[in-house]
Structures are given as structure tokens and as C-alpha cells.
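K.L.:
Here you go, final_17.txt (compact mmCIF, C-alpha atoms):
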# COMPACT_ATOMS: atom_id res chain seq x y z
CA MET A 1 -21.12 12.20 -60.54
CA HIS A 2 -19.39 9.03 -59.35
CA CYS A 3 -16.15 8.90 -57.36
CA ILE A 4 -13.40 6.69 -58.74
CA GLU A 5 -10.81 5.83 -55.99
CA SER A 6 -7.21 5.88 -57.14
CA HIS A 7 -3.86 5.94 -55.31
CA PHE A 8 -2.19 7.77 -58.16
CA GLY A 9 -4.59 10.62 -59.01
CA GLU A 10 -5.32 9.67 -62.59
CA GLU A 11 -8.85 11.08 -62.45
CA ASP A 12 -9.85 14.72 -62.93
CA ASP A 13 -8.85 17.01 -60.03
CA ASN A 14 -12.31 18.51 -59.66
CA GLU A 15 -13.92 15.09 -59.58
CA VAL A 16 -11.43 13.71 -57.06
CA HIS A 17 -11.65 16.55 -54.57
CA SER A 18 -15.39 16.64 -54.69
CA CYS A 19 -15.68 13.11 -53.26
CA PRO A 20 -16.44 13.26 -49.55
CA GLN A 21 -14.32 10.25 -48.62
CA TYR A 22 -11.22 11.46 -50.43
CA VAL A 23 -8.31 12.83 -48.31
CA ALA A 24 -5.36 14.23 -50.18
CA CYS A 25 -1.69 13.84 -49.20
CA ASP A 26 -0.44 17.00 -47.47
CA VAL A 27 3.13 16.53 -48.77
CA CYS A 28 2.53 16.03 -52.47
CA THR A 29 3.15 19.09 -54.65
CA GLY A 30 1.26 19.70 -57.83
CA ARG A 31 -1.16 16.84 -58.31
CA LYS A 32 -1.86 15.47 -54.80
CA LEU A 33 -2.18 11.73 -54.39
CA LYS A 34 -4.74 10.10 -52.19
CA ALA A 35 -3.69 9.81 -48.52
CA PHE A 36 -3.07 6.30 -47.19
CA LYS A 37 -2.83 7.24 -43.47
CA SER A 38 -3.20 10.31 -41.25
CA CYS A 39 -0.87 11.02 -38.29
CA LEU A 40 -2.25 12.38 -34.99
CA VAL A 41 1.17 13.74 -34.01
CA CYS A 42 2.07 15.44 -37.28
CA LEU A 43 -1.57 16.44 -37.90
CA ALA A 44 -1.01 15.60 -41.53
CA SER A 45 -2.10 12.97 -44.06
CA TYR A 46 0.33 11.00 -46.27
CA CYS A 47 0.18 8.96 -49.43
CA GLU A 48 1.95 5.59 -49.43
CA GLN A 49 5.18 7.09 -50.75
CA HIS A 50 5.41 9.94 -48.22
CA LEU A 51 4.27 7.66 -45.36
CA GLN A 52 7.36 5.45 -45.62
CA PRO A 53 9.52 7.51 -43.18
CA HIS A 54 6.93 6.76 -40.48
CA TYR A 55 7.69 3.07 -40.95
CA GLU A 56 11.45 3.31 -41.45
CA SER A 57 12.73 6.15 -39.22
CA PRO A 58 12.96 5.77 -35.40
CA ALA A 59 12.03 9.46 -35.12
CA PHE A 60 8.43 8.56 -36.05
CA GLU A 61 8.24 5.45 -33.87
CA LYS A 62 5.87 7.02 -31.31
CA HIS A 63 3.57 8.65 -33.87
CA GLN A 64 -0.01 7.39 -33.99
CA LEU A 65 -1.41 6.55 -37.42
CA LEU A 66 -5.08 6.15 -38.27
CA ASP A 67 -7.22 5.89 -41.36
CA PRO A 68 -7.18 9.03 -43.51
CA SER A 69 -9.13 11.85 -41.89
CA GLY A 70 -9.77 15.40 -42.96
CA MET A 71 -10.78 16.48 -39.45
CA LEU A 72 -7.48 16.17 -37.56
CA GLN A 73 -7.86 19.64 -36.07
CA GLU A 74 -10.89 18.44 -34.15
CA ASN A 75 -8.53 16.22 -32.16
CA ILE A 76 -6.67 19.27 -30.80
CA CYS A 77 -7.45 20.54 -27.27
CA SER A 78 -8.67 24.13 -27.62
CA ARG A 79 -7.06 25.17 -24.30
CA GLU A 80 -3.71 23.40 -24.46
CA GLU A 81 -3.32 23.20 -28.25
CA GLU A 82 -2.10 19.62 -27.88
CA VAL A 83 -3.27 16.27 -29.15
CA MET A 84 -6.32 15.05 -27.22
CA LYS A 85 -5.82 12.14 -24.85
CA MET A 86 -7.86 9.83 -27.06
CA LEU A 87 -8.57 6.26 -26.07
CA CYS A 88 -6.50 3.88 -28.15
CA CYS A 89 -8.82 1.30 -29.73
CA ALA A 90 -6.06 -1.25 -30.16
CA ASP A 91 -5.19 -1.85 -26.51
CA ARG A 92 -7.85 0.25 -24.69
CA GLN A 93 -5.19 2.34 -22.96
CA TYR A 94 -4.57 6.08 -22.91
CA PRO A 95 -1.58 7.41 -24.92
CA ASN A 96 0.17 8.48 -21.65
CA THR A 97 0.06 4.84 -20.34
CA GLU A 98 3.58 4.20 -21.66
CA ALA A 99 4.96 7.12 -19.67
CA VAL A 100 3.23 5.88 -16.51
CA ASN A 101 4.53 2.35 -17.07
CA HIS A 102 8.03 3.68 -17.67
CA SER A 103 7.88 5.72 -14.48
CA ALA A 104 6.60 2.74 -12.49
CA ASP A 105 9.28 0.45 -13.94
CA LYS A 106 11.97 2.95 -13.02
CA ALA A 107 10.58 3.28 -9.50
CA LEU A 108 10.51 -0.52 -9.14
CA GLU A 109 14.08 -0.78 -10.38
CA GLU A 110 15.27 1.88 -7.94
CA SER A 111 13.31 0.39 -5.04
CA GLU A 112 14.76 -3.06 -5.71
CA LYS A 113 18.24 -1.58 -5.79
CA ILE A 114 17.72 0.29 -2.51
CA SER A 115 16.09 -2.75 -0.91
CA ALA A 116 19.04 -4.89 -1.98
CA GLU A 117 21.43 -2.36 -0.42
CA LEU A 118 19.42 -2.44 2.82
CA ILE A 119 19.51 -6.24 2.82
CA ARG A 120 23.28 -6.21 2.23
CA LEU A 121 23.72 -3.72 5.06
CA VAL A 122 21.65 -5.86 7.47
CA GLU A 123 23.48 -9.01 6.38
CA LYS A 124 26.85 -7.30 6.91
CA ARG A 125 25.84 -6.14 10.38
CA SER A 126 24.53 -9.65 11.09
CA SER A 127 27.90 -11.11 10.05
CA ASP A 128 29.69 -8.56 12.23
CA VAL A 129 27.56 -9.54 15.22
CA LYS A 130 28.16 -13.27 14.61
CA ARG A 131 31.89 -12.65 14.28
CA GLU A 132 31.93 -10.65 17.52
CA ILE A 133 29.92 -13.30 19.38
CA ARG A 134 32.25 -16.07 18.16
CA ALA A 135 35.32 -14.03 19.08
CA GLN A 136 33.99 -13.35 22.56
CA LEU A 137 32.90 -16.97 22.88
CA ASN A 138 36.38 -18.19 22.01
CA GLY A 139 37.84 -15.73 24.51
CA LYS A 140 35.48 -16.89 27.24
CA LEU A 141 36.12 -20.57 26.43
CA SER A 142 39.87 -19.93 26.56
CA GLN A 143 39.51 -18.29 29.99
CA ILE A 144 37.34 -21.15 31.21
CA ALA A 145 39.84 -23.75 29.93
CA GLU A 146 42.67 -21.91 31.69
CA LEU A 147 40.71 -21.71 34.93
CA GLN A 148 39.75 -25.35 34.64
CA GLU A 149 43.38 -26.36 34.21
CA LYS A 150 44.46 -24.31 37.24
CA THR A 151 41.56 -25.68 39.28
CA GLU A 152 42.41 -29.28 38.45
CA HIS A 153 46.05 -28.61 39.35
CA LYS A 154 44.91 -27.08 42.66
CA ILE A 155 42.69 -30.08 43.39
CA THR A 156 45.57 -32.49 42.76
CA TRP A 157 47.80 -30.44 45.07
CA LEU A 158 45.09 -30.35 47.76
CA LYS A 159 44.64 -34.11 47.55
CA ARG A 160 48.35 -34.58 48.21
CA LYS A 161 48.07 -32.21 51.15
CA ASP A 162 45.10 -34.21 52.42
CA VAL A 163 47.04 -37.49 52.24
CA GLY A 164 49.96 -35.91 54.08
CA LEU A 165 47.72 -34.44 56.79
CA ARG A 166 45.92 -37.77 57.33
CA LYS A 167 49.25 -39.55 57.63
CA LEU A 168 50.61 -36.89 59.97
CA SER A 169 47.50 -37.12 62.14
CA ARG A 170 48.32 -40.74 62.93
CA THR A 171 51.94 -40.16 63.98
CA LYS A 172 52.84 -40.41 67.68
CA ASP A 173 56.07 -38.46 67.25
CA HIS A 174 55.15 -34.97 68.50
CA ASN A 175 58.39 -33.47 67.25
CA GLU A 176 57.70 -34.80 63.74
CA PHE A 177 54.13 -33.39 63.89
CA ARG A 178 55.36 -29.89 64.88
CA ARG A 179 57.98 -29.94 62.14
CA CYS A 180 55.67 -31.07 59.25
CA TYR A 181 52.31 -29.54 60.12
CA PRO A 182 53.01 -25.86 59.18
CA SER A 183 53.88 -26.72 55.57
CA LEU A 184 51.00 -29.16 55.17
CA ALA A 185 48.47 -26.79 56.72
CA ARG A 186 49.18 -23.95 54.27
CA ILE A 187 46.45 -24.25 51.65
CA GLY A 188 46.29 -20.69 50.33
CA ARG A 189 43.28 -18.65 49.20
CA LEU A 190 40.81 -20.37 46.89
CA LYS A 191 39.47 -18.31 43.95
CA ASP A 192 35.72 -17.51 43.87
CA PHE A 193 34.42 -18.66 40.48
CA SER A 194 30.80 -17.55 40.92
CA ALA A 195 31.28 -14.37 38.84
CA VAL A 196 32.93 -16.37 36.08
CA ASN A 197 30.00 -18.75 35.92
CA LYS A 198 27.40 -15.96 35.59
CA SER A 199 29.22 -13.41 33.45
CA PRO A 200 29.14 -15.08 29.99
CA VAL A 201 25.39 -15.79 30.07
CA GLY A 202 24.51 -12.26 31.11
CA HIS A 203 26.87 -10.81 28.51
CA PHE A 204 25.33 -12.69 25.58
CA LYS A 205 21.82 -11.83 26.75
CA GLY A 206 22.86 -8.20 26.60
CA ILE A 207 23.86 -8.60 22.94
CA THR A 208 20.53 -10.16 21.96
CA GLY A 209 18.66 -7.52 23.95
CA THR A 210 20.46 -4.75 22.07
CA LEU A 211 19.67 -6.44 18.74
CA SER A 212 15.99 -6.60 19.69
CA GLU A 213 16.01 -2.86 20.39
CA VAL A 214 17.64 -2.20 17.00
CA ARG A 215 15.01 -4.37 15.29
CA ASP A 216 12.14 -2.52 16.98
CA GLU A 217 13.62 0.88 16.13
CA LEU A 218 14.14 -0.13 12.50
CA GLU A 219 10.59 -1.47 12.25
CA GLU A 220 9.19 1.77 13.66
CA ALA A 221 11.34 3.89 11.32
CA LEU A 222 10.26 1.86 8.28
CA ARG A 223 6.63 2.16 9.33
CA GLU A 224 6.88 5.95 9.62
CA LYS A 225 8.75 6.33 6.32
CA TRP A 226 6.29 4.01 4.56
CA THR A 227 3.57 6.45 5.51
CA ASN A 228 5.27 9.15 3.43
CA ILE A 229 5.76 6.73 0.53
CA SER A 230 2.11 5.68 0.54
CA LEU A 231 0.81 9.24 0.74
CA GLY A 232 3.09 10.21 -2.13
CA MET A 233 1.72 7.40 -4.29
CA THR A 234 -1.84 8.34 -3.34
CA LYS A 235 -1.30 11.95 -4.43
CA ALA A 236 0.16 10.72 -7.72
CA ASP A 237 -2.88 8.58 -8.47
CA VAL A 238 -4.19 9.30 -11.97
CA LEU A 239 -7.29 7.10 -11.76
CA LEU A 240 -10.78 8.20 -10.84
CA PRO A 241 -12.02 6.90 -7.45
CA ASP A 242 -13.99 3.68 -7.61
CA PRO A 243 -17.70 3.88 -6.76
CA GLU A 244 -18.61 2.55 -3.32
CA PRO A 245 -19.47 -1.19 -3.45
CA LYS A 246 -23.10 -2.26 -3.23
CA THR A 247 -23.04 -5.96 -2.31
CA ARG A 248 -21.01 -7.72 0.38
CA ASP A 249 -19.05 -9.61 -2.28
CA GLU A 250 -18.02 -6.27 -3.76
CA PHE A 251 -16.97 -5.02 -0.31
CA LEU A 252 -14.92 -8.17 0.30
CA LYS A 253 -12.75 -7.32 -2.71
CA TYR A 254 -11.29 -4.55 -0.54
CA SER A 255 -11.00 -6.64 2.65
CA CYS A 256 -7.78 -6.25 4.64
CA ASP A 257 -6.17 -8.08 7.55
CA ILE A 258 -6.00 -5.91 10.65
CA THR A 259 -4.13 -6.73 13.86
CA LEU A 260 -3.93 -4.70 17.06
CA ASP A 261 -0.71 -3.04 18.18
CA PRO A 262 0.24 -4.18 21.73
CA ASN A 263 2.30 -1.01 22.15
CA THR A 264 -0.88 1.09 22.05
CA ALA A 265 -3.17 -1.13 24.17
CA ASN A 266 -4.42 0.32 27.45
CA LYS A 267 -3.55 -1.94 30.42
CA GLN A 268 -7.24 -2.81 30.94
CA LEU A 269 -7.32 -4.52 27.54
CA LEU A 270 -6.23 -8.11 26.96
CA LEU A 271 -5.20 -8.94 23.39
CA SER A 272 -5.65 -12.46 22.02
CA GLU A 273 -6.25 -14.51 18.86
CA GLY A 274 -3.09 -13.25 17.22
CA ASN A 275 -3.80 -9.68 18.37
CA ARG A 276 -7.12 -9.65 16.49
CA LYS A 277 -9.26 -9.59 19.64
CA ALA A 278 -9.40 -7.06 22.50
CA THR A 279 -11.20 -7.89 25.76
CA TYR A 280 -11.82 -5.58 28.71
CA VAL A 281 -10.42 -7.11 31.92
CA SER A 282 -10.62 -5.88 35.50
CA LYS A 283 -7.00 -6.79 36.26
CA ALA A 284 -4.47 -4.44 34.68
CA GLN A 285 -2.06 -6.16 32.31
CA SER A 286 1.69 -5.92 32.88
CA TYR A 287 2.48 -4.13 29.62
CA SER A 288 5.84 -2.39 29.41
CA SER A 289 6.04 1.38 29.23
CA HIS A 290 5.66 2.76 25.70
CA PRO A 291 5.01 6.31 24.41
CA ASP A 292 2.20 5.07 22.13
CA ARG A 293 0.25 3.36 24.92
CA PHE A 294 -3.14 4.83 25.89
CA PRO A 295 -2.69 5.65 29.58
CA ALA A 296 -6.23 6.46 30.75
CA TRP A 297 -8.86 5.15 28.35
CA PRO A 298 -9.38 1.45 27.39
CA LEU A 299 -8.39 1.98 23.76
CA VAL A 300 -6.12 0.28 21.25
CA LEU A 301 -5.04 1.06 17.67
CA SER A 302 -4.19 -1.27 14.80
CA ARG A 303 -0.63 -2.06 13.86
CA GLU A 304 -1.43 -1.33 10.20
CA TRP A 305 -1.98 2.19 8.95
CA LEU A 306 -4.57 2.71 6.21
CA THR A 307 -4.54 4.69 2.98
CA GLY A 308 -6.30 3.78 -0.24
CA VAL A 309 -9.53 1.72 -0.19
CA HIS A 310 -10.14 -0.86 2.58
CA TYR A 311 -12.95 -2.83 4.16
CA TRP A 312 -13.03 -4.71 7.47
CA GLU A 313 -15.58 -6.11 9.92
CA VAL A 314 -15.63 -6.11 13.72
CA GLU A 315 -17.57 -8.63 15.82
CA CYS A 316 -18.77 -6.93 19.03
CA LYS A 317 -19.57 -8.80 22.24
CA GLY A 318 -21.37 -7.03 25.09
CA LYS A 319 -22.52 -3.44 24.97
CA GLY A 320 -20.14 -0.55 25.11
CA VAL A 321 -17.88 -0.99 22.08
CA LYS A 322 -16.37 1.75 19.94
CA VAL A 323 -15.37 0.86 16.38
CA ALA A 324 -13.20 3.73 15.24
CA VAL A 325 -10.62 5.11 12.86
CA ALA A 326 -8.05 7.62 14.06
CA PHE A 327 -4.85 9.43 13.25
CA LYS A 328 -1.79 8.23 15.17
CA HIS A 329 -2.36 9.52 18.69
CA THR A 330 0.08 11.60 20.70
CA GLY A 331 -1.59 11.29 24.08
CA GLY A 332 -4.32 13.74 23.05
CA PHE A 333 -7.08 11.22 23.76
CA THR A 334 -6.29 11.14 27.49
CA SER A 335 -8.56 14.02 28.44
CA ARG A 336 -10.85 14.10 25.41
CA ARG A 337 -13.28 11.21 25.96
CA GLY A 338 -11.28 8.81 23.83
CA PHE A 339 -12.20 7.95 20.23
CA GLY A 340 -14.72 10.40 18.78
CA GLY A 341 -14.09 13.04 21.44
CA ASN A 342 -11.73 15.10 19.26
CA ASP A 343 -10.96 16.01 15.67
CA MET A 344 -8.41 13.19 15.34
CA SER A 345 -10.82 10.25 15.38
CA TRP A 346 -14.25 9.05 14.20
CA ALA A 347 -16.10 6.49 16.32
CA PHE A 348 -19.17 4.31 15.82
CA VAL A 349 -20.58 3.25 19.21
CA PHE A 350 -22.44 0.01 19.96
CA ASP A 351 -24.10 0.21 23.43
CA ASN A 352 -27.32 -0.54 25.37
CA SER A 353 -29.27 2.27 23.79
CA GLY A 354 -28.39 1.35 20.19
CA TYR A 355 -26.00 2.91 17.70
CA LYS A 356 -24.30 6.29 18.00
CA PHE A 357 -21.70 8.19 16.02
CA MET A 358 -19.15 10.42 17.77
CA TYR A 359 -16.87 13.12 16.39
CA LYS A 360 -15.49 16.28 18.05
CA LYS A 361 -17.42 15.59 21.27
CA SER A 362 -20.67 15.56 19.27
CA THR A 363 -22.85 12.44 19.55
CA THR A 364 -25.50 11.48 16.99
CA THR A 365 -28.03 8.68 17.52
CA ILE A 366 -28.08 6.33 14.53
CA PRO A 367 -31.21 4.30 13.67
CA GLY A 368 -30.86 0.95 12.00
CA PRO A 369 -31.07 -2.83 12.45
CA GLN A 370 -29.11 -4.13 15.43
CA SER A 371 -26.25 -6.47 14.57
CA SER A 372 -23.19 -7.54 16.53
CA ARG A 373 -21.06 -7.25 13.40
CA ILE A 374 -20.09 -3.80 12.13
CA GLY A 375 -18.61 -3.33 8.65
CA VAL A 376 -16.30 -0.40 7.93
CA HIS A 377 -15.52 0.88 4.42
CA LEU A 378 -12.77 3.46 4.00
CA ASP A 379 -11.80 5.32 0.83
CA HIS A 380 -8.97 7.45 2.16
CA GLY A 381 -8.28 9.37 -1.04
CA ALA A 382 -11.95 10.23 -1.63
CA GLY A 383 -12.47 11.09 2.06
CA ASN A 384 -15.31 8.57 2.49
CA LEU A 385 -15.88 6.58 5.69
CA SER A 386 -18.97 4.34 5.98
CA PHE A 387 -20.30 2.06 8.73
CA TYR A 388 -22.60 -0.89 7.97
CA SER A 389 -24.75 -3.31 9.96
CA VAL A 390 -23.76 -6.76 8.69
CA SER A 391 -26.09 -9.78 8.94
CA ASP A 392 -27.77 -11.60 6.06
CA THR A 393 -27.74 -8.22 4.33
CA MET A 394 -25.67 -5.07 4.65
CA THR A 395 -27.38 -1.88 5.81
CA LEU A 396 -25.66 1.50 5.62
CA LEU A 397 -25.81 3.09 9.07
CA HIS A 398 -23.70 6.22 8.73
CA ARG A 399 -21.38 7.84 6.19
CA VAL A 400 -18.73 10.51 6.72
CA LYS A 401 -17.46 12.78 3.95
CA THR A 402 -14.28 14.67 4.86
CA THR A 403 -10.59 15.11 3.97
CA PHE A 404 -8.10 12.80 5.67
CA THR A 405 -4.78 14.62 6.05
CA GLN A 406 -2.86 11.66 7.52
CA PRO A 407 -2.91 7.86 7.34
CA LEU A 408 -5.62 6.32 9.51
CA TYR A 409 -5.50 3.47 12.01
CA ALA A 410 -8.38 1.19 12.94
CA GLY A 411 -9.26 1.47 16.63
CA ILE A 412 -11.24 -0.30 19.34
CA GLY A 413 -12.61 1.14 22.59
CA LEU A 414 -14.31 -0.95 25.33
CA PHE A 415 -16.38 0.44 28.21
CA PRO A 416 -17.76 -1.96 30.87
CA ALA A 417 -19.62 0.84 32.65
CA LEU A 418 -22.23 0.73 29.87
CA GLY A 419 -23.63 -2.62 30.95
CA VAL A 420 -21.07 -5.19 29.89
CA THR A 421 -21.47 -8.49 31.74
CA ALA A 422 -18.83 -9.80 34.13
CA GLY A 423 -15.63 -10.67 32.37
CA GLY A 424 -15.79 -7.67 30.07
CA GLY A 425 -16.92 -6.96 26.53
CA SER A 426 -14.74 -7.67 23.51
CA ALA A 427 -14.25 -6.75 19.88
CA THR A 428 -12.66 -8.97 17.24
CA PHE A 429 -11.41 -8.10 13.75
CA CYS A 430 -12.94 -10.81 11.56
CA LYS A 431 -10.97 -12.90 9.07
CA LEU A 432 -12.61 -12.19 5.73
CA LYS A 433 -10.28 -13.92 3.30
Using C-alpha cells, write down the structure from this file.
P.N.:
Amino acid sequence: MHCIESHFGEEDDNEVHSCPQYVACDVCTGRKLKAFKSCLVCLASYCEQHLQPHYESPAFEKHQLLDPSGMLQENICSREEEVMKMLCCADRQYPNTEAVNHSADKALEESEKISAELIRLVEKRSSDVKREIRAQLNGKLSQIAELQEKTEHKITWLKRKDVGLRKLSRTKDHNEFRRCYPSLARIGRLKDFSAVNKSPVGHFKGITGTLSEVRDELEEALREKWTNISLGMTKADVLLPDPEPKTRDEFLKYSCDITLDPNTANKQLLLSEGNRKATYVSKAQSYSSHPDRFPAWPLVLSREWLTGVHYWEVECKGKGVKVAVAFKHTGGFTSRRGFGGNDMSWAFVFDNSGYKFMYKKSTTTIPGPQSSRIGVHLDHGAGNLSFYSVSDTMTLLHRVKTTFTQPLYAGIGLFPALGVTAGGGSATFCKLK
């Protein structure tokens, strides 16, 4: 028996329905016409006539059409009883991609609006400060002009007095001298202008100093709030974690620029090269007091906090270097052996006896090829932290699998007691891009 395809069902019903490739329209009554398309949302098949609403009505705009299929039920999730999240062959995206894009677009729109409001607020405050400075400047200049006028008048008056006194000093008439001298000798009290000269400069320095404090406080607040934003985006991630790279080129795709935060640097550490390098020095640096500064151990944290996937390399000079990651410290490292001596940090140690790994006061000796450059790969969301020896090749030295509950910071620790030559050891975050 041969199958004769027809859109209008002119062949015998038994013959038509016995053909395996034939799918009937689910809407037709009586004689059912051959389906032209099947709908994954409606879970029904339609002939050309009954398919027209899908093309004409906005209500069907989001419906997904495919070639006629008699197995639509197989595309239903048995647990949820909903349409399976099937990969769309047309654009290689999941059906929920539009919702994600819409959500992201809305978030971008809102963030741009809020950012614009912040910029307007800062610009308004900047205008207010400029207006206040100009007003005070005009006031000071007016005072100075008034004082200058009075001073010049006083000088002219004193010069006349001087001429009169010189003339009187040459007279030989004693009676005339006694009569004129008292009036000429009265000069009066001269005003001390030293305070006037110093006051304006000190006043304006006070304004700029206050603005600097506001800037630092705003920067710190934004940094702390950004942590919450980043963690929120990480938790909302719908993608599977990427596999750990294999070659150095693959690692470099995740390279990040890291600089050290001067506010955390112990006073025995000298920062240089744009705050990329830390060097142990015997003379304590004159850093200002700051609550984030490490008071006892020669440690320093990065300015940048890390979530997501990152890779960086540290060039170590001398022996006695800790390459670490840590949660933001609160002084807890003071009595806990620094990085790796607590449950807030993980440290890879480069010293005279080779490599070691430290965590929670536990030290593990790590075998592997010696290299002065240590590579660090962090996948915060997956809880993976890996340390590599970097030379002509990359050799995995140690890997940590855990759960990171906070953003991490890159850290450096330097210890001259472990055999560092005079002048102190150093560690430098390498430029990889």
C-alpha cells in the first residue's frame, strides 16, 4: 500500500492514517486534514487553515512551531508537566534566554538610571563646594582689599608724621619743639596682619582635606556594597562552571590586574611599581593609622576583591614568600601566624626548604619543580583554588576544594627570618595582559 500525501484529505481515511509520516490536524472535525505544523506550547498539530491564528494573533507570538510531529507528549517533563527546555536549533539558545536577556536589560536600565542619579548628586555637591569656595574667596579678597586700603592710608599718614618729625628735629626753638612734638609723636597701635596672611590658606586646605575624606569614605562604601552586588550575581548564575584550563594560554584568558592596598600593608613592607610589588624593609614605613592595616605580621592584601574565575601570577624574590588568598581581615591574623594560620586564609609558601601549603595552622610539604613564579587559579563559585609552578610549562602543585562564603582578596606575606638576603625579599604581581 502506497501513501499519497495530500493537504486536503482526498484519499481514503484508512489509507491516510496508516502512513507513518502522516500527522492529522487536531482541530479539524470530521475528515481531518494533514497537519502543516505542530506547536510545542499548545501540544497540538494544525493544518494550514487552522495554523493561521499562530501567524496573525499576538497571543501566539511566543509559541514555538516545528515540523508536524505525533510525539509531542515526549517533550513534556514527567516531573513538572511542562515543556522541556529544548535547545533551539535556529539560534542555539535555550527558550528561557529571552527572559534572562529581558531581566539583564532591565537591570542595566535601572543601574544606568541609579548611576546617573549618583553622578548628578556628586556634580551638585561639587557645584555647591565650588560656589562656597568662590563666595569665601570673594569675602576674603574683600577683607584683604579693605585692609590694604587702610594700610596704605596709614603708611601715607606715617610718612607725613616722619617728615614733620625730621623737620622738628632740626629746629633750634625749644618752645616750638615742646609744643609740636606730642602730636607728631602719637603714632597709635599698628595692626598685626600675620593671622590674616595665614588664615585663608589654612581654611582652603581644610576644605580639600574634608573632600578627600568624603572621597575615601565613598570609595570604601562602594567597594563594600559592590561585594553584595557581585555575590548576588554569582548566586543567580545559570551557567555550568567552566572546566579548569589546561594550557597557559587558556589560563591567561582569565588573567586579572591586581594591585596592593596601601591601607592594609604592614609597616615593614614597601610598596612600589604602582602598588604591584611588596618588598620587606628593615626600616618601618611611615604609614598612617588605618583599621585595615596588619599591625604585627608583614602582610598585605589586594585592593581588588575576587569572585568569579580569575588567574594571576606572582614573581617571588628571595625565600620566605607567602602567596595567599584571604577573606577581608579584621585583625584576626595578628596572633594566628598570618596567612594560612586560620580558617580565613589559604597560603602557598615559597621558602628555603621548598614549597608548603598552610591552612588552619596545618602545614603540608608540596613536591614539585622549583620556580620563582607562582600561578594562582581561582574559581570562586565552584570553590576551586589551584597553585601552579610557572616556567616553560605549568605544573599543578596543589589544589583546594572548598566553599568560599565571602569575596576573596589576593595576599602577600614576606618573612626575612627564613633566609632572605640583605635588603629583603619581594613579591610582584605580574602584568599578564
K.L.:
For A:Val321, please output as number ranges by chain all residues within 7 Å (counting all atoms listed in the file; exclusion window: fewer than 4 positions along the same chain).
P.N.:
A: 316, 349-351, 413-415
K.L.:
Okay, now the selection with C-alpha atoms, as an mmCIF file, keeping the file's coordinate frame?
P.N.:
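Dumped everything to selection.cif:
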data_model
loop_
_atom_site.group_PDB
_atom_site.id
_atom_site.type_symbol
_atom_site.label_atom_id
_atom_site.label_comp_id
_atom_site.auth_asym_id
_atom_site.auth_seq_id
_atom_site.Cartn_x
_atom_site.Cartn_y
_atom_site.Cartn_z
ATOM 1 C CA CYS A 316 -18.770 -6.930 19.030
ATOM 2 C CA VAL A 349 -20.580 3.250 19.210
ATOM 3 C CA PHE A 350 -22.440 0.010 19.960
ATOM 4 C CA ASP A 351 -24.100 0.210 23.430
ATOM 5 C CA GLY A 413 -12.610 1.140 22.590
ATOM 6 C CA LEU A 414 -14.310 -0.950 25.330
ATOM 7 C CA PHE A 415 -16.380 0.440 28.210
#
K.L.:
Could you give me, as a list in words, the residues within 6 Å of A:Gly425, counting all atoms listed in the file and dropping anything in the same chain fewer than 3 positions from it?
P.N.:
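The contact residues come out as Thr279, Tyr280, Lys317, Gly318 and Val420 of chain A.
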K.L.:
Could you work out an axis-aligned box for stretch 244-261 of chain A, taking every atom the file lists and adding 8 Å on each side, and report centre and edge lengths in Å to one decimal, as JSON?
P.N.:
{"center_x": -11.9, "center_y": -3.5, "center_z": 7.2, "size_x": 38.4, "size_y": 28.2, "size_z": 37.9}
K.L.:
Using all atoms listed in the file, which residue out of A:Gly375, A:Pro369, A:Pro68, A:Pro58 lies closest to A:Phe251?
P.N.:
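Going through A:Gly375, A:Pro369, A:Pro68, A:Pro58 one by one, the smallest distance to A:Phe251 is for A:Gly375.
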K.L.:
Using all atoms listed in the file, which residue out of A:His54, A:Arg31, A:Lys431, A:Lys113 lies closest to A:Glu315?
P.N.:
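With all atoms listed in the file as the atom set, the closest residue is A:Lys431.
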K.L.:
Which of these, A:Leu306, A:Ala284, A:Cys28, A:Leu222, has the shortest distance to A:Tyr254 once you count only C-alpha atoms?
P.N.:
A:Leu306
K.L.:
Which value, in Å to one decimal, gives the distance between atom CA of A:Leu108 and atom CA of A:Ser127?
P.N.:
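Separation between atom CA of A:Leu108 and atom CA of A:Ser127: 28.0 Å.
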K.L.:
Neighbours of A:Tyr181 within 10 Å (only C-alpha atoms; same-chain residues fewer than 2 positions away dropped), as a PyMOL selection string?
P.N.:
chain A and resi 164-165+168-169+176-179+183-186
K.L.:
Please report the interatomic distance between atom CA of A:Ser255 and atom CA of A:His310 in Å with one decimal.
P.N.:
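Taking atom CA of A:Ser255 as the start and atom CA of A:His310 as the end point, the length is 5.8 Å.
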K.L.:
Between atom CA of A:Ser362 and atom CA of A:Ala265, what is the spacing in Å?
P.N.:
24.7 Å
K.L.:
Find the residues around A:Asn263 up to 10 Å (all atoms listed in the file counted), leave out those fewer than 6 positions away in its own chain, and share them as a list in words.
P.N.:
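The residues satisfying every condition are Tyr287, Ser288, Ser289, His290, Pro291, Asp292, Arg293, Phe294, Val300, Leu301, Ser302 and Arg303 of chain A.
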K.L.:
Taking only C-alpha atoms into account, which of A:Gly424, A:Met71, A:Asn342, A:Glu110 comes nearest A:Ser282?
P.N.:
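Of A:Gly424, A:Met71, A:Asn342, A:Glu110, the one nearest A:Ser282 is A:Gly424, counting only C-alpha atoms.
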